[in-house]
>>> print(open('work-v2.pdb').read())   # PDB, C-alpha atoms
MODEL        1
ATOM      1  CA  MET A 114     194.987 176.603 -52.931
ATOM      2  CA  LYS A 115     195.446 180.320 -53.538
ATOM      3  CA  LEU A 116     193.820 182.883 -55.778
ATOM      4  CA  VAL A 117     196.362 185.375 -57.065
ATOM      5  CA  ILE A 118     194.975 188.669 -58.325
ATOM      6  CA  ALA A 119     197.651 190.463 -60.329
ATOM      7  CA  ILE A 120     197.273 193.921 -61.851
ATOM      8  CA  VAL A 121     199.721 194.512 -64.697
ATOM      9  CA  ASN A 122     200.246 197.426 -67.101
ATOM     10  CA  ASN A 123     198.901 196.680 -70.592
ATOM     11  CA  ASP A 124     202.401 197.145 -72.039
ATOM     12  CA  ASP A 125     203.538 194.039 -70.137
ATOM     13  CA  SER A 126     200.391 191.929 -70.398
ATOM     14  CA  MET A 127     201.326 189.811 -73.434
ATOM     15  CA  ALA A 128     204.666 188.761 -71.956
ATOM     16  CA  VAL A 129     203.061 187.977 -68.584
ATOM     17  CA  SER A 130     200.223 185.971 -70.194
ATOM     18  CA  SER A 131     202.643 183.947 -72.291
ATOM     19  CA  ALA A 132     204.901 183.149 -69.339
ATOM     20  CA  LEU A 133     202.005 182.152 -67.078
ATOM     21  CA  THR A 134     200.464 179.800 -69.650
ATOM     22  CA  ARG A 135     203.906 178.409 -70.571
ATOM     23  CA  HIS A 136     204.260 177.395 -66.901
ATOM     24  CA  ASN A 137     200.817 175.719 -66.955
ATOM     25  CA  PHE A 138     198.868 178.249 -64.883
ATOM     26  CA  PHE A 139     195.177 178.657 -65.639
ATOM     27  CA  VAL A 140     194.622 182.370 -66.132
ATOM     28  CA  THR A 141     191.584 184.598 -66.563
ATOM     29  CA  LYS A 142     192.329 188.038 -68.021
ATOM     30  CA  LEU A 143     190.208 191.091 -67.288
ATOM     31  CA  SER A 144     190.606 194.487 -68.931
ATOM     32  CA  THR A 145     190.724 197.130 -66.209
ATOM     33  CA  THR A 146     191.533 200.810 -65.865
ATOM     34  CA  GLY A 147     193.574 202.352 -63.064
ATOM     35  CA  GLY A 148     191.886 205.059 -61.030
ATOM     36  CA  PHE A 149     194.828 207.439 -60.750
ATOM     37  CA  LEU A 150     196.094 207.784 -64.331
ATOM     38  CA  MET A 151     193.110 206.226 -66.099
ATOM     39  CA  ILE A 152     195.562 204.037 -68.023
ATOM     40  CA  GLY A 153     194.636 200.538 -69.184
ATOM     41  CA  ASN A 154     195.709 197.565 -67.119
ATOM     42  CA  THR A 155     195.188 193.851 -67.285
ATOM     43  CA  THR A 156     193.994 192.105 -64.143
ATOM     44  CA  TYR A 157     194.732 188.390 -63.935
ATOM     45  CA  LEU A 158     192.883 185.870 -61.809
ATOM     46  CA  ILE A 159     195.249 182.957 -61.268
ATOM     47  CA  GLY A 160     194.441 179.798 -59.362
ATOM     48  CA  ALA A 161     197.598 178.251 -57.941
ATOM     49  CA  PRO A 162     198.516 175.559 -55.433
ATOM     50  CA  ASP A 163     200.206 177.008 -52.348
ATOM     51  CA  ASP A 164     203.631 175.739 -53.427
ATOM     52  CA  ARG A 165     203.404 177.454 -56.872
ATOM     53  CA  VAL A 166     202.576 180.998 -55.707
ATOM     54  CA  GLU A 167     206.283 181.840 -55.599
ATOM     55  CA  LYS A 168     206.558 180.914 -59.300
ATOM     56  CA  VAL A 169     203.739 183.352 -60.098
ATOM     57  CA  ARG A 170     205.628 186.027 -58.144
ATOM     58  CA  GLU A 171     208.811 185.305 -60.127
ATOM     59  CA  ILE A 172     206.984 185.580 -63.459
ATOM     60  CA  LEU A 173     205.312 188.860 -62.508
ATOM     61  CA  SER A 174     208.604 190.269 -61.271
ATOM     62  CA  LYS A 175     210.474 189.235 -64.416
ATOM     63  CA  TYR A 176     207.962 190.426 -67.019
ATOM     64  CA  SER A 177     206.370 193.497 -65.361
ATOM     65  CA  LYS A 178     208.707 196.457 -65.600
ATOM     66  CA  GLN A 179     208.357 199.919 -64.082
ATOM     67  CA  ARG A 180     208.992 202.877 -66.373
ATOM     68  CA  SER A 181     208.683 206.654 -66.279
ATOM     69  CA  HIS A 182     205.814 208.210 -68.171
ATOM     70  CA  THR A 183     204.925 211.855 -68.705
ATOM     71  CA  VAL A 184     201.216 212.530 -68.311
ATOM     72  CA  THR A 185     199.065 215.592 -68.690
ATOM     73  CA  THR A 186     197.245 216.522 -65.504
ATOM     74  CA  ARG A 187     193.711 215.190 -65.886
ATOM     75  CA  ASP A 188     190.406 216.623 -64.794
ATOM     76  CA  SER A 189     189.390 213.612 -62.730
ATOM     77  CA  PHE A 190     188.266 213.125 -59.161
ATOM     78  CA  GLY A 191     187.765 216.864 -58.747
ATOM     79  CA  TYR A 192     191.314 217.831 -59.685
ATOM     80  CA  GLY A 193     191.669 220.224 -62.590
ATOM     81  CA  PHE A 194     194.543 222.049 -64.168
ATOM     82  CA  ARG A 195     196.691 224.091 -61.830
ATOM     83  CA  GLU A 196     199.174 226.732 -62.860
ATOM     84  CA  GLY A 197     202.486 225.062 -63.712
ATOM     85  CA  GLU A 198     201.025 221.539 -63.551
ATOM     86  CA  VAL A 199     200.302 220.712 -67.162
ATOM     87  CA  GLU A 200     202.658 217.736 -67.365
ATOM     88  CA  LYS A 201     203.927 215.443 -64.652
ATOM     89  CA  GLU A 202     206.364 212.532 -64.713
ATOM     90  CA  VAL A 203     205.087 209.420 -62.950
ATOM     91  CA  THR A 204     206.202 205.828 -62.561
ATOM     92  CA  VAL A 205     203.953 203.286 -64.275
ATOM     93  CA  GLY A 206     204.152 199.575 -64.839
ATOM     94  CA  GLY A 207     205.272 196.897 -62.501
ATOM     95  CA  ALA A 208     202.672 194.628 -60.981
ATOM     96  CA  THR A 209     200.458 194.591 -57.917
ATOM     97  CA  MET A 210     199.828 191.118 -56.568
ATOM     98  CA  PHE A 211     197.229 190.010 -54.024
ATOM     99  CA  VAL A 212     197.232 186.442 -52.680
ATOM    100  CA  LEU A 213     194.000 185.110 -51.185
ATOM    101  CA  SER A 214     193.330 181.768 -49.556
ATOM    102  CA  VAL A 215     190.693 179.647 -51.292
ATOM    103  CA  ASP A 216     188.539 177.251 -49.272
ATOM    104  CA  SER A 217     187.551 175.197 -52.295
ATOM    105  CA  MET A 218     187.756 175.193 -56.073
ATOM    106  CA  GLU A 219     185.816 173.127 -58.573
ATOM    107  CA  LYS A 220     186.005 172.951 -62.361
ATOM    108  CA  PHE A 221     183.000 171.703 -64.305
TER
ENDMDL
END
>>> encode(input="work-v2.pdb", output="structure tokens")
Amino acid sequence: MKLVIAIVNNDDSMAVSSALTRHNFFVTKLSTTGGFLMIGNTTYLIGAPDDRVEKVREILSKYSKQRSHTVTTRDSFGYGFREGEVEKEVTVGGATMFVLSVDSMEKF
């Protein structure tokens, strides 16, 4: 048994949720915020048998797309505005997936 933790951009979260439940995965959704851009994400906790982790990977790959996004430099983590750095183009989206081994799982 594995626990998959997947962090997905909010723009892709509905498509990912639908695909995961359509393929009979039990999913817990958490609303999260990324530390770099302070943009909303959805973090999924997905319990999956070892042989179904690849299916989770396929779903995340298919429904989580990277895209370019122009952001205004933010005053966070000690970084303020710098001359000439008012807007910056960054890549957002896609998914980050962590796979952890689970010693046991029980549903009550």
>>> resolve_selection(input="work-v2.pdb", expression="the PyMOL selection byres ((chain A and resi 125-142) around 6)", output="CSV table (one decimal) with C-alpha atoms, keeping the file's coordinate frame")
chain,number,residue,atom,x,y,z
A,122,ASN,CA,200.2,197.4,-67.1
A,123,ASN,CA,198.9,196.7,-70.6
A,124,ASP,CA,202.4,197.1,-72.0
A,143,LEU,CA,190.2,191.1,-67.3
A,156,THR,CA,194.0,192.1,-64.1
A,157,TYR,CA,194.7,188.4,-63.9
A,158,LEU,CA,192.9,185.9,-61.8
A,159,ILE,CA,195.2,183.0,-61.3
A,176,TYR,CA,208.0,190.4,-67.0
A,177,SER,CA,206.4,193.5,-65.4
>>> atom_distance(input="work-v2.pdb", atom1="CA of Leu213 in chain A", atom2="CA of Arg180 in chain A")
27.8 Å
>>> atom_distance(input="work-v2.pdb", atom1="CA of Gly153 in chain A", atom2="CA of Lys201 in chain A")
18.1 Å
>>> atom_distance(input="work-v2.pdb", atom1="CA of Thr145 in chain A", atom2="CA of Ile172 in chain A")
20.1 Å
>>> residues_near_point(input="work-v2.pdb", point="(192.7, 178.4, -56.2)", cutoff="7 Å", atoms="only C-alpha atoms", output="PDB file with C-alpha atoms, in the frame of the given file")
ATOM      1  CA  MET A 114     194.987 176.603 -52.931  1.00  0.00           C
ATOM      2  CA  LYS A 115     195.446 180.320 -53.538  1.00  0.00           C
ATOM      3  CA  LEU A 116     193.820 182.883 -55.778  1.00  0.00           C
ATOM      4  CA  GLY A 160     194.441 179.798 -59.362  1.00  0.00           C
ATOM      5  CA  ALA A 161     197.598 178.251 -57.941  1.00  0.00           C
ATOM      6  CA  PRO A 162     198.516 175.559 -55.433  1.00  0.00           C
ATOM      7  CA  VAL A 215     190.693 179.647 -51.292  1.00  0.00           C
ATOM      8  CA  MET A 218     187.756 175.193 -56.073  1.00  0.00           C
TER       9      MET A 218
END
